[in-house]
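Engineer: You'll find data_29.txt just under this line, and it carries compact mmCIF, C-alpha atoms and all ligand atoms.
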# COMPACT_ATOMS: atom_id res chain seq x y z
CA MET A 22 8.58 28.72 -12.47
CA SER A 23 12.19 29.90 -12.90
CA ASP A 24 14.80 27.89 -14.79
CA LEU A 25 17.41 28.51 -12.12
CA GLN A 26 19.12 25.32 -11.02
CA ILE A 27 21.33 24.99 -7.98
CA THR A 28 23.58 22.18 -6.86
CA ARG A 29 24.91 21.37 -3.41
CA ASN A 30 27.16 18.87 -1.74
CA VAL A 31 25.38 16.26 0.34
CA VAL A 32 26.60 14.84 3.62
CA PHE A 33 25.10 11.64 5.06
CA PRO A 34 23.39 12.09 7.39
CA ASP A 35 22.87 15.83 7.14
CA THR A 36 22.22 16.27 10.85
CA LEU A 37 20.91 19.82 10.61
CA ARG A 38 18.45 18.94 7.84
CA VAL A 39 17.34 15.87 9.80
CA ALA A 40 16.93 17.83 13.04
CA ARG A 41 15.00 20.55 11.22
CA ALA A 42 12.61 17.99 9.78
CA ARG A 43 12.12 16.31 13.15
CA SER A 44 11.27 19.59 14.82
CA LEU A 45 8.79 20.65 12.12
CA PRO A 46 7.46 17.52 10.37
CA ASN A 47 4.33 19.32 9.22
CA LEU A 48 6.62 21.46 7.04
CA GLY A 49 8.82 18.52 6.01
CA PRO A 50 9.81 17.70 2.42
CA ARG A 51 7.52 16.17 -0.18
CA ILE A 52 9.34 12.89 -0.69
CA LEU A 53 7.51 10.89 -3.34
CA PHE A 54 7.65 7.09 -3.48
CA PHE A 55 6.68 4.73 -6.24
CA SER A 56 5.96 1.56 -4.29
CA GLY A 57 3.93 -1.50 -3.46
CA GLY A 58 3.12 -2.46 0.11
CA SER A 59 5.14 -4.25 2.73
CA ALA A 60 8.75 -3.28 1.95
CA LEU A 61 8.10 0.44 2.41
CA ASN A 62 5.58 0.35 5.25
CA GLU A 63 8.06 0.40 8.13
CA ILE A 64 9.98 3.21 6.46
CA ALA A 65 6.71 5.12 5.89
CA ARG A 66 5.79 4.67 9.56
CA ALA A 67 9.15 6.14 10.62
CA LEU A 68 8.92 8.93 8.06
CA LYS A 69 6.04 10.50 10.00
CA LEU A 70 8.59 11.72 12.54
CA TYR A 71 10.33 13.75 9.82
CA THR A 72 7.68 14.86 7.36
CA HIS A 73 3.91 14.90 7.08
CA ASN A 74 4.14 15.65 3.39
CA SER A 75 5.40 12.41 1.89
CA ILE A 76 3.59 11.17 -1.21
CA HIS A 77 2.88 7.51 -1.96
CA LEU A 78 1.90 6.37 -5.45
CA ILE A 79 0.93 2.74 -5.03
CA THR A 80 0.13 -0.15 -7.35
CA THR A 81 -3.37 -1.62 -7.32
CA PHE A 82 -2.51 -4.54 -9.60
CA ASP A 83 -1.79 -7.24 -6.98
CA SER A 84 -3.59 -10.51 -7.56
CA GLY A 85 -2.81 -12.44 -4.38
CA GLY A 86 -3.89 -12.61 -0.75
CA SER A 87 -7.11 -11.19 0.67
CA SER A 88 -7.11 -8.30 -1.84
CA GLN A 89 -7.64 -10.88 -4.57
CA VAL A 90 -10.69 -12.33 -2.79
CA LEU A 91 -12.25 -8.86 -3.02
CA ARG A 92 -11.06 -8.37 -6.59
CA GLU A 93 -12.72 -11.58 -7.71
CA ALA A 94 -15.91 -10.92 -5.76
CA LEU A 95 -16.42 -7.32 -6.87
CA GLN A 96 -14.22 -6.75 -9.95
CA MET A 97 -12.21 -4.00 -8.34
CA PRO A 98 -8.55 -2.91 -7.99
CA ALA A 99 -6.37 -4.39 -5.23
CA VAL A 100 -6.66 -2.23 -2.11
CA GLY A 101 -4.46 -4.07 0.43
CA ASP A 102 -1.29 -2.07 -0.19
CA LEU A 103 -3.24 1.21 -0.11
CA ARG A 104 -4.82 0.29 3.22
CA SER A 105 -1.55 -0.80 4.78
CA ARG A 106 0.17 2.45 3.72
CA LEU A 107 -2.74 4.53 5.09
CA MET A 108 -2.32 2.73 8.40
CA ALA A 109 1.48 3.15 8.35
CA LEU A 110 1.03 6.90 7.89
CA ALA A 111 -1.89 7.31 10.32
CA ASP A 112 -1.40 9.59 13.29
CA GLU A 113 -0.80 7.02 16.03
CA SER A 114 -0.29 9.65 18.71
CA ILE A 115 -2.86 10.69 21.27
CA LEU A 116 -4.07 13.26 18.72
CA GLY A 117 -5.04 10.56 16.22
CA GLN A 118 -8.07 8.25 16.10
CA PRO A 119 -6.94 5.01 17.77
CA ASP A 120 -10.43 3.46 17.71
CA ILE A 121 -10.81 3.93 13.97
CA PHE A 122 -7.21 2.80 13.43
CA ARG A 123 -7.98 -0.42 15.34
CA LEU A 124 -11.06 -1.13 13.24
CA PHE A 125 -9.34 -0.44 9.91
CA SER A 126 -6.42 -2.68 10.95
CA TYR A 127 -8.58 -5.58 12.16
CA ARG A 128 -8.67 -8.91 10.31
CA PHE A 129 -11.28 -11.61 10.75
CA PRO A 130 -9.70 -14.79 12.13
CA LYS A 131 -8.31 -17.12 9.49
CA THR A 132 -9.41 -20.30 11.19
CA ALA A 133 -12.89 -19.55 12.67
CA THR A 134 -15.94 -21.56 11.56
CA SER A 135 -18.09 -19.98 8.89
CA ALA A 136 -20.90 -19.61 11.45
CA ASP A 137 -18.60 -17.64 13.77
CA LEU A 138 -17.34 -15.51 10.89
CA SER A 139 -20.91 -14.71 9.78
CA ALA A 140 -21.90 -13.81 13.33
CA GLU A 141 -18.92 -11.49 13.72
CA TYR A 142 -19.55 -9.86 10.34
CA ASP A 143 -23.23 -9.34 11.24
CA ASP A 144 -22.18 -7.66 14.49
CA LEU A 145 -19.92 -5.37 12.52
CA MET A 146 -22.54 -4.47 9.95
CA GLU A 147 -25.19 -3.81 12.58
CA GLY A 148 -22.81 -1.64 14.61
CA ARG A 149 -22.77 -4.09 17.56
CA HIS A 150 -19.14 -5.19 17.16
CA ARG A 151 -16.90 -4.00 20.04
CA LEU A 152 -14.55 -2.26 17.57
CA MET A 153 -17.46 -0.47 15.94
CA LYS A 154 -19.11 0.50 19.22
CA ALA A 155 -15.84 2.12 20.35
CA ILE A 156 -16.03 4.62 17.48
CA SER A 157 -17.85 7.85 18.16
CA GLN A 158 -20.43 9.47 15.91
CA PRO A 159 -20.59 10.69 13.18
CA MET A 160 -17.58 8.59 12.18
CA ARG A 161 -19.34 5.33 13.03
CA SER A 162 -22.25 6.13 10.70
CA LEU A 163 -19.89 7.13 7.91
CA ILE A 164 -18.04 3.83 8.22
CA LEU A 165 -21.25 1.81 8.45
CA THR A 166 -22.48 3.46 5.26
CA GLN A 167 -19.49 2.06 3.36
CA ILE A 168 -19.89 -1.40 4.91
CA LYS A 169 -23.59 -1.48 3.98
CA VAL A 170 -22.71 -0.79 0.35
CA PHE A 171 -20.22 -3.65 0.49
CA GLU A 172 -22.95 -5.85 2.02
CA ALA A 173 -25.43 -4.99 -0.74
CA GLU A 174 -22.95 -5.89 -3.49
CA ARG A 175 -20.99 -8.81 -2.08
CA PRO A 176 -21.60 -12.36 -3.29
CA ALA A 177 -23.59 -14.40 -0.77
CA ASP A 178 -20.70 -16.86 -0.42
CA PHE A 179 -18.00 -14.21 0.21
CA ASP A 180 -15.24 -15.76 2.34
CA PHE A 181 -14.52 -13.62 5.41
CA ALA A 182 -11.68 -15.80 6.74
CA GLY A 183 -8.67 -13.49 7.11
CA ALA A 184 -10.51 -10.56 5.50
CA SER A 185 -9.29 -7.10 6.48
CA VAL A 186 -12.08 -4.83 7.71
CA GLY A 187 -10.22 -1.82 6.29
CA ASN A 188 -10.27 -3.49 2.88
CA LEU A 189 -14.03 -4.15 3.14
CA ILE A 190 -14.59 -0.48 3.95
CA LEU A 191 -12.41 0.55 1.01
CA ALA A 192 -14.40 -1.82 -1.19
CA GLY A 193 -17.72 -0.36 -0.01
CA GLY A 194 -16.45 3.18 -0.53
CA TYR A 195 -15.19 2.27 -4.00
CA LEU A 196 -18.60 0.89 -4.98
CA ALA A 197 -20.46 3.79 -3.36
CA ASN A 198 -18.50 6.26 -5.47
CA ASP A 199 -19.19 4.84 -8.92
CA ARG A 200 -16.17 2.56 -8.74
CA ALA A 201 -13.65 5.26 -7.86
CA LEU A 202 -11.02 4.78 -5.15
CA GLU A 203 -9.98 8.40 -4.68
CA PRO A 204 -13.06 9.54 -2.67
CA VAL A 205 -12.82 6.69 -0.17
CA LEU A 206 -9.03 7.04 0.11
CA PHE A 207 -9.59 10.68 0.95
CA LEU A 208 -12.25 9.80 3.53
CA MET A 209 -10.10 7.15 5.18
CA SER A 210 -7.07 9.46 5.17
CA LYS A 211 -9.06 12.08 7.05
CA MET A 212 -10.52 9.56 9.48
CA VAL A 213 -7.17 8.32 10.73
CA ALA A 214 -5.35 11.63 10.19
CA VAL A 215 -2.88 10.27 7.62
CA GLN A 216 0.36 12.24 7.71
CA GLY A 217 1.08 12.22 4.00
CA THR A 218 -0.71 11.58 0.72
CA VAL A 219 -1.64 8.09 -0.44
CA ARG A 220 -2.87 7.58 -4.00
CA ALA A 221 -3.55 4.69 -6.32
CA ILE A 222 -1.23 5.07 -9.29
CA VAL A 223 -4.31 4.87 -11.54
CA ASP A 224 -7.92 4.64 -10.43
CA ARG A 225 -8.81 1.67 -12.65
CA ASN A 226 -9.32 -2.05 -12.28
CA LEU A 227 -6.21 -3.31 -14.09
CA ASP A 228 -3.71 -6.14 -13.89
CA ILE A 229 -0.11 -6.58 -14.92
CA GLY A 230 1.21 -9.22 -17.26
CA ALA A 231 4.74 -10.05 -18.34
CA LYS A 232 6.73 -11.76 -21.02
CA LEU A 233 9.93 -13.40 -19.79
CA SER A 234 13.16 -13.49 -21.75
CA ASP A 235 12.64 -17.23 -22.39
CA GLY A 236 9.34 -16.47 -24.14
CA THR A 237 7.07 -17.54 -21.23
CA ASN A 238 3.98 -15.41 -20.64
CA VAL A 239 2.99 -14.64 -17.04
CA ALA A 240 -0.59 -13.47 -16.69
CA THR A 241 -0.77 -11.67 -13.33
CA GLN A 242 1.23 -10.21 -10.40
CA ARG A 243 0.75 -13.24 -8.13
CA LEU A 244 2.57 -15.44 -10.61
CA MET A 245 5.59 -13.10 -10.77
CA THR A 246 6.48 -12.45 -7.13
CA GLY A 247 7.68 -15.96 -6.28
CA LYS A 248 5.69 -15.95 -3.01
CA GLU A 249 2.55 -17.99 -3.66
CA VAL A 250 3.91 -20.01 -6.58
CA ALA A 251 7.36 -21.08 -7.77
CA ARG A 252 9.77 -18.31 -8.76
CA ILE A 253 10.00 -17.27 -12.39
CA LYS A 254 12.98 -18.89 -14.10
CA ALA A 255 14.00 -16.15 -16.53
CA PRO A 256 14.12 -12.36 -16.21
CA ILE A 257 11.10 -10.27 -17.17
CA ARG A 258 11.63 -8.73 -20.59
CA ASP A 259 8.37 -6.87 -20.94
CA LEU A 260 5.91 -5.78 -18.23
CA TYR A 261 2.54 -4.40 -19.31
CA LEU A 262 -0.86 -3.38 -17.98
CA SER A 263 -3.91 -5.42 -18.91
CA GLU A 264 -7.66 -5.24 -18.53
CA GLU A 265 -9.83 -8.35 -18.42
CA GLY A 266 -6.88 -10.34 -19.72
CA ALA A 267 -6.19 -8.09 -22.73
CA ARG A 268 -2.91 -6.22 -23.01
CA LEU A 269 -3.25 -2.43 -22.99
CA SER A 270 -0.92 -0.09 -24.84
CA ARG A 271 0.78 2.72 -22.93
CA ASP A 272 -1.60 5.21 -24.59
CA GLU A 273 -4.59 3.46 -23.10
CA VAL A 274 -3.60 4.07 -19.46
CA SER A 275 -2.68 7.58 -18.40
CA LEU A 276 -1.33 8.75 -15.09
CA PRO A 277 -4.16 10.94 -13.72
CA LYS A 278 -3.47 14.68 -13.75
CA ARG A 279 -3.70 14.84 -9.96
CA ASN A 280 -0.83 12.35 -9.70
CA ARG A 281 1.21 14.19 -12.34
CA LYS A 282 0.79 17.30 -10.20
CA LEU A 283 2.14 15.47 -7.17
CA ILE A 284 5.25 14.47 -9.12
CA GLY A 285 5.51 18.09 -10.31
CA HIS A 286 5.70 19.28 -6.68
CA ALA A 287 7.92 16.55 -5.23
CA ASP A 288 11.17 17.51 -3.47
CA LEU A 289 12.67 14.06 -4.01
CA ILE A 290 11.53 11.03 -6.00
CA CYS A 291 12.31 7.54 -4.72
CA TYR A 292 12.06 4.22 -6.55
CA SER A 293 11.38 2.19 -3.45
CA PRO A 294 12.60 -1.14 -2.14
CA GLY A 295 10.17 -3.97 -2.82
CA SER A 296 9.47 -6.32 -5.70
CA LEU A 297 11.15 -4.55 -8.62
CA TYR A 298 8.60 -5.26 -11.33
CA THR A 299 5.29 -5.70 -9.53
CA SER A 300 5.78 -2.89 -7.00
CA VAL A 301 8.11 -0.36 -8.63
CA ILE A 302 8.14 -0.68 -12.43
CA ALA A 303 4.37 -1.36 -12.53
CA ASN A 304 3.89 2.19 -11.23
CA LEU A 305 6.00 3.60 -14.04
CA LEU A 306 3.96 2.07 -16.88
CA PRO A 307 1.14 4.62 -17.29
CA LYS A 308 1.52 7.26 -19.97
CA TYR A 309 2.98 10.59 -18.72
CA THR A 310 4.81 8.99 -15.78
CA GLY A 311 8.29 9.04 -17.33
CA ARG A 312 7.95 12.54 -18.69
CA SER A 313 6.51 13.85 -15.40
CA VAL A 314 9.54 12.44 -13.58
CA ALA A 315 11.97 13.81 -16.19
CA ARG A 316 10.47 17.28 -16.01
CA ARG A 317 10.87 17.59 -12.24
CA GLN A 318 14.45 18.64 -11.45
CA VAL A 319 14.94 17.12 -8.00
CA PRO A 320 17.06 14.22 -6.69
CA LYS A 321 15.81 10.88 -7.97
CA VAL A 322 16.93 7.99 -5.84
CA TYR A 323 16.78 4.24 -6.34
CA LEU A 324 16.86 2.24 -3.12
CA PRO A 325 17.01 -1.39 -4.26
CA SER A 326 15.66 -4.26 -2.19
CA LEU A 327 17.97 -5.93 0.28
CA GLY A 328 18.66 -9.60 -0.40
CA THR A 329 17.55 -11.36 -3.54
CA ASP A 330 14.46 -10.18 -5.37
CA PRO A 331 12.67 -13.29 -6.72
CA GLU A 332 11.37 -11.18 -9.62
CA CYS A 333 14.92 -10.56 -10.88
CA PRO A 334 16.53 -13.96 -11.56
CA GLY A 335 20.10 -13.52 -12.76
CA MET A 336 19.86 -9.72 -12.83
CA THR A 337 22.61 -7.47 -11.52
CA LEU A 338 21.93 -4.13 -9.85
CA THR A 339 22.86 -2.43 -13.13
CA ASP A 340 20.29 -4.61 -14.94
CA GLN A 341 17.67 -3.49 -12.42
CA VAL A 342 18.54 0.16 -12.99
CA ALA A 343 18.39 -0.47 -16.76
CA ALA A 344 14.88 -1.91 -16.38
CA ILE A 345 13.67 1.17 -14.48
CA LEU A 346 15.27 3.56 -16.96
CA ALA A 347 13.90 1.70 -20.00
CA THR A 348 10.37 1.91 -18.61
CA LEU A 349 10.68 5.63 -17.89
CA ARG A 350 12.25 6.27 -21.29
CA ALA A 351 9.43 4.45 -23.05
CA ASP A 352 7.37 7.47 -22.01
CA ALA A 353 9.94 10.27 -21.61
CA GLY A 354 11.65 9.46 -24.92
CA ALA A 355 14.61 7.26 -25.80
CA GLU A 356 16.93 10.27 -25.77
CA CYS A 357 15.88 11.46 -22.31
CA PRO A 358 19.10 11.97 -20.30
CA VAL A 359 19.65 9.43 -17.53
CA ALA A 360 20.28 12.29 -15.10
CA ASP A 361 16.66 13.43 -15.55
CA LEU A 362 15.39 10.01 -14.48
CA MET A 363 17.77 8.78 -11.79
CA SER A 364 20.45 10.72 -9.91
CA VAL A 365 21.81 8.19 -7.45
CA VAL A 366 21.51 4.60 -6.24
CA LEU A 367 21.81 4.09 -2.50
CA CYS A 368 22.79 0.72 -1.08
CA ASP A 369 23.71 -0.73 2.25
CA THR A 370 27.45 -0.66 2.95
CA ASP A 371 27.57 -4.47 3.20
CA SER A 372 26.02 -4.98 -0.24
CA PHE A 373 28.33 -2.44 -1.92
CA ASP A 374 30.28 -4.00 -4.77
CA ASN A 375 33.11 -2.06 -6.43
CA ASP A 376 32.66 -3.76 -9.80
CA GLU A 377 28.93 -3.08 -9.78
CA ALA A 378 29.53 0.57 -8.87
CA ALA A 379 31.96 0.86 -11.78
CA ARG A 380 29.46 -0.77 -14.17
CA LEU A 381 26.68 1.57 -13.07
CA GLU A 382 28.95 4.59 -13.47
CA THR A 383 30.27 3.50 -16.88
CA ARG A 384 26.93 2.50 -18.36
CA PHE A 385 24.68 5.19 -16.91
CA GLY A 386 26.87 7.73 -15.09
CA ILE A 387 24.93 7.03 -11.89
CA PRO A 388 26.87 6.92 -8.61
CA LEU A 389 26.30 4.02 -6.22
CA ILE A 390 26.54 5.36 -2.67
CA PRO A 391 27.13 2.91 0.19
CA LEU A 392 25.58 3.86 3.54
CA PRO A 393 24.83 1.89 6.71
CA LEU A 394 21.13 1.41 5.98
CA LYS A 395 20.18 -2.10 7.07
CA GLN A 396 19.00 -3.18 10.49
CA ASP A 397 21.73 -4.51 12.77
CA ALA A 398 19.52 -7.44 13.79
CA ASP A 399 18.17 -8.30 10.32
CA PRO A 400 20.37 -7.88 7.25
CA LEU A 401 17.33 -8.31 4.97
CA ARG A 402 15.43 -5.33 6.37
CA TYR A 403 16.24 -1.66 6.07
CA ASP A 404 16.52 0.34 9.28
CA PRO A 405 13.65 2.81 8.81
CA ASP A 406 15.35 5.73 10.59
CA ARG A 407 18.61 5.29 8.67
CA VAL A 408 16.70 5.30 5.38
CA CYS A 409 14.64 8.34 6.38
CA GLU A 410 17.79 10.23 7.38
CA ALA A 411 19.50 9.37 4.08
CA LEU A 412 16.50 10.53 2.04
CA LEU A 413 16.10 13.69 4.11
CA SER A 414 19.78 14.48 3.60
CA LEU A 415 19.22 14.37 -0.15
CA SER A 416 15.90 16.25 -0.20
C1 LIG B 1 2.84 -9.67 -2.41
C2 LIG B 1 3.77 -8.75 -1.72
O1 LIG B 1 3.68 -7.48 -2.28
P1 LIG B 1 4.00 -6.16 -1.50
O2 LIG B 1 3.40 -6.15 -0.13
O3 LIG B 1 3.59 -5.05 -2.40
O4 LIG B 1 5.55 -6.23 -1.27
P2 LIG B 1 6.73 -5.25 -1.74
O5 LIG B 1 6.91 -5.35 -3.18
O6 LIG B 1 6.55 -3.90 -1.17
O7 LIG B 1 8.00 -5.89 -1.02
C3 LIG B 1 8.19 -7.25 -0.80
C4 LIG B 1 9.65 -7.59 -0.96
O8 LIG B 1 10.53 -6.60 -0.48
C5 LIG B 1 11.63 -7.21 0.15
N1 LIG B 1 12.30 -6.22 1.01
C6 LIG B 1 13.43 -5.58 0.70
N2 LIG B 1 13.82 -4.73 1.64
C7 LIG B 1 12.88 -4.81 2.60
C8 LIG B 1 12.71 -4.15 3.85
O9 LIG B 1 13.52 -3.32 4.28
N3 LIG B 1 11.60 -4.45 4.57
C9 LIG B 1 10.68 -5.36 4.12
N4 LIG B 1 9.59 -5.60 4.88
N5 LIG B 1 10.82 -6.01 2.94
C10 LIG B 1 11.90 -5.75 2.19
C11 LIG B 1 11.02 -8.41 0.82
O10 LIG B 1 11.97 -9.40 1.04
C12 LIG B 1 9.98 -8.84 -0.21
O11 LIG B 1 10.58 -9.73 -1.14
C13 LIG B 1 5.21 -9.26 -1.90
O12 LIG B 1 5.74 -9.14 -3.01
O13 LIG B 1 5.71 -9.77 -0.90
Can I see the file as C-alpha cells?
Structural biologist:
Amino acid sequence: MSDLQITRNVVFPDTLRVARARSLPNLGPRILFFSGGSALNEIARALKLYTHNSIHLITTFDSGGSSQVLREALQMPAVGDLRSRLMALADESILGQPDIFRLFSYRFPKTATSADLSAEYDDLMEGRHRLMKAISQPMRSLILTQIKVFEAERPADFDFAGASVGNLILAGGYLANDRALEPVLFLMSKMVAVQGTVRAIVDRNLDIGAKLSDGTNVATQRLMTGKEVARIKAPIRDLYLSEEGARLSRDEVSLPKRNRKLIGHADLICYSPGSLYTSVIANLLPKYTGRSVARRQVPKVYLPSLGTDPECPGMTLTDQVAAILATLRADAGAECPVADLMSVVLCDTDSFDNDEAARLETRFGIPLIPLPLKQDADPLRYDPDRVCEALLSLS
C-alpha cells in the first residue's frame, strides 16, 4: 500500500457520485457501519440502491425481546439484529428469493394458544407449512436441516409466541456449526442474496455491563436502553463486555481478523444512529477495533440519533463524541489523533446548534455539518435516501 494521501472538497449531495453509485451499485463504495438493529435498517434497505458493498458490524449483546428467549434457552448470542439487517439488505427484486425472504421474516403470532403454536411449529419442522412448501429444493432441505438442529436442542417448554422463524434458523445453524454464527450468516446471506456483508462484531456469547457515573451497576443491555425498564438516571461512565456475568478485560475479547480486514478495506466508516452505548460503543470494545479504525485513512463519520437517546441522560453531542473517542482510544492509544478516529459529525439542519458546533470544534477539532437529513413527516426518523446521499458524497 502507498502512503500517498489525497484530500478533496465535498459537496452535499455530490450528484455525480450519487448518480454513479445508483447506476452501478454492484461497484459501489464499501461503507462500513458499526450498529445495532432498528435505527439503521431503513437506511440499509435504501443503501442497496447505491451500493452492494456496504459492511455491517453488528452487536450480538442484546438481552431483550425474542432474541433473549433464544439466548436463555440455548446460551447463544443475540441474533435478532443480525437477522433484521440480513433482511434489510436482501435482494427484494424479482431476481431475489421472495419465498425464502418471507419465511425468514415470519413471526409466530404473539397471542395464539400454545396448542396452535405447537401445531404451526410442527408444520414448519415437517416441511408442511405453507411458507416452507413455497420454497424450492435444495433450499428447503438446507433450511429444514437448521430447524431440525434447533428442534433437537431446544428446551421442551420453549415459548414460540412471537418467535421469529429467521432467528430459529440462525439458532439451528449456530448450533450445527459448533456454536459459530459466521457459517450460518454466510448461508443465510447467500439464500436471500444479501447485497452487502453482515457480520457479528465478535462470534462469542457475550453480554455488556455498565457502571453509571452515580456508581450504579447495570448488568445487561436490556436494562440500559430505557425501553423495557425505566431509563437510567445517570450517564454511563464505563461500558464493558462480560461472559456469564463476569467482566472481561479488553485483552480477553479480540475483534476477529476477518472483521479487522473489513475495516482495513472500508471506503468510509460510520458510527451509526441508534442507542449510543448498546448499539454503537459496544461494537468498539473488542481489542484491535480502535487501532484498526485509526489505521484506515478514510472519512469517519458520526451520525448521531435523532431525538433524545435514553442511554445518554444529560449528555451533550460533544459528550457523546467524547464517549466514542475514549472507547476507540482505549485501544488505539491515548495519544491517537482525533482525526484518525472521527473526521466529521453530520446532523440534521433542525438539530444544528451553533454553541455545540463550537464546542465540538474547540475540544476535538471535529466539524459539525448540518444537512437536511430527517424525514419531512417524522422528525425523529432519518430519511434513508438523504442519509445515503450524504454518506456517498463523503465516500
Ligand atoms: C432494543 C433496540 O435495539 P436496536 O434494535 O439495536 O435499536 P438501535 O440501537 O439500532 O436504535 C434504536 C434507537 O434509535 C433511535 N433512532 C434514531 N434515529 C432513528 C431513525 O432514523 N430511525 C429509527 N428507526 N430509529 C432511530 C430510536 O428512537 C431508538 O431509540 C432499541 O434500543 O430500541
Engineer: Taking into account all atoms listed in the file, which residue in the set A:Ser416, A:Ser135, A:Ser300, A:Thr348 is nearest to ligand LIG 1 (chain B)?
Structural biologist: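 The answer is A:Ser300, which sits nearest to ligand LIG 1 (chain B).
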Engineer: Counting all atoms listed in the file, figure out which residue out of A:Ala42, A:Leu103, A:Leu116, A:Val186 gets nearest to A:Tyr142.
Structural biologist: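 Of the candidates, the smallest distance to A:Tyr142 is held by A:Val186.
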Engineer: Give as a ChimeraX atom specification the residues surrounding ligand LIG 1 (chain B) up to a distance of 9 Å, considering all atoms listed in the file.
Structural biologist: /A:56-64,79-80,83-86,101-102,105,242-243,245-249,293-301,324-332,395-396,400-405
Engineer: I'd like the interatomic distance between atom CA of A:Ser162 and atom CA of A:Asp143, to a tenth of an Å.
Structural biologist: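 Atom-to-atom, atom CA of A:Ser162 to atom CA of A:Asp143, that is 15.5 Å.
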Engineer: Please provide the set of residues having any atom within 9 Å of stretch 172-183 of chain A, restricted to all atoms listed in the file, with same-chain residues fewer than 2 positions apart removed, written as a list in words.
Structural biologist: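 Residues meeting the cut-off are Ser87, Val90, Leu91, Ala94, Leu95, Arg128, Phe129, Pro130, Lys131, Thr132, Ala133, Thr134, Ser135, Leu138, Ser139, Tyr142, Met146, Gln167, Ile168, Lys169, Val170, Ser185, Gly193 and Leu196 of chain A.
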Engineer: Just to be explicit: take each residue in the selection above, keep C-alpha atoms, and write the result as a CSV table (one decimal), keeping the file's coordinate frame.
Structural biologist:
chain,number,residue,atom,x,y,z
A,87,SER,CA,-7.1,-11.2,0.7
A,90,VAL,CA,-10.7,-12.3,-2.8
A,91,LEU,CA,-12.2,-8.9,-3.0
A,94,ALA,CA,-15.9,-10.9,-5.8
A,95,LEU,CA,-16.4,-7.3,-6.9
A,128,ARG,CA,-8.7,-8.9,10.3
A,129,PHE,CA,-11.3,-11.6,10.8
A,130,PRO,CA,-9.7,-14.8,12.1
A,131,LYS,CA,-8.3,-17.1,9.5
A,132,THR,CA,-9.4,-20.3,11.2
A,133,ALA,CA,-12.9,-19.6,12.7
A,134,THR,CA,-15.9,-21.6,11.6
A,135,SER,CA,-18.1,-20.0,8.9
A,138,LEU,CA,-17.3,-15.5,10.9
A,139,SER,CA,-20.9,-14.7,9.8
A,142,TYR,CA,-19.6,-9.9,10.3
A,146,MET,CA,-22.5,-4.5,10.0
A,167,GLN,CA,-19.5,2.1,3.4
A,168,ILE,CA,-19.9,-1.4,4.9
A,169,LYS,CA,-23.6,-1.5,4.0
A,170,VAL,CA,-22.7,-0.8,0.4
A,185,SER,CA,-9.3,-7.1,6.5
A,193,GLY,CA,-17.7,-0.4,0.0
A,196,LEU,CA,-18.6,0.9,-5.0
Engineer: So which residues fall inside 7 Å of (24.0, -2.2, -11.2) if we count only C-alpha atoms? Mind giving them as a ChimeraX atom specification?
Structural biologist: /A:337-342,377-378,380-381
Engineer: For A:Asn238, which of A:Leu110, A:Leu189, A:Leu260, A:Ile121 is the closest residue, counting only C-alpha atoms?
Structural biologist: A:Leu260
Engineer: Rounded to one decimal in Å, what is the spacing between atom CA of A:Ala65 and atom CA of A:Val408?
Structural biologist: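 Atom CA of A:Val408 lies 10.0 Å from atom CA of A:Ala65.
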Engineer: Which one is closest to A:Pro256: A:Pro388, A:Gly49, A:Pro277, A:Gly335? Count all atoms listed in the file.
Structural biologist: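 Residue with the minimum atom-to-atom distance to A:Pro256: A:Gly335.
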Engineer: For A:Ala231, work out the shell of residues within 7 Å, counting only C-alpha atoms and skipping chain neighbours fewer than 5 positions away, then give it as a ChimeraX atom specification.
Structural biologist: /A:238-240,257,259-261
Engineer: Measuring between all atoms listed in the file, which one of A:Ala214, A:Leu163, A:Leu25, A:Ala221 shows the shortest distance to A:Ala99?
Structural biologist: A:Ala221
Engineer: From the set A:Thr370, A:Thr237, A:Thr28, A:Gln216, which residue has the shortest atom-to-atom contact distance to A:Asn47, counting only C-alpha atoms?
Structural biologist: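 The answer is A:Gln216, which sits nearest to A:Asn47.
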Engineer: In Å, how far is it from atom CA of A:Asn375 to atom CA of A:Val322?
Structural biologist: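 Straight-line distance from atom CA of A:Asn375 to atom CA of A:Val322 works out to 19.1 Å.
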Engineer: Contacts of stretch 148-155 of chain A at 7 Å or less, counting all atoms listed in the file, minus same-chain residues fewer than 5 places along, as number ranges by chain?
Structural biologist: A: 120, 124, 161
Engineer: So which residues touch stretch 265-274 of chain A within 6 Å, counting only C-alpha atoms, skipping near sequence neighbours fewer than 3 positions away, as a ChimeraX atom specification?
Structural biologist: /A:262,307-308
Engineer: Using all atoms listed in the file, which protein or nucleic acid residues come within 12 Å of A:Leu283? Drop anything in the same chain fewer than 3 positions from it, and give the result as a list of chain:residue names.
Structural biologist: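 My list of contacting residues is A:Arg51, A:Ile52, A:Leu53, A:Phe54, A:Phe55, A:Asn74, A:Ser75, A:Ile76, A:His77, A:Leu78, A:Gly217, A:Thr218, A:Val219, A:Arg220, A:Ile222, A:Leu276, A:Pro277, A:Lys278, A:Arg279, A:Asn280, A:His286, A:Ala287, A:Asp288, A:Leu289, A:Ile290, A:Thr310, A:Ser313, A:Val314, A:Arg317.
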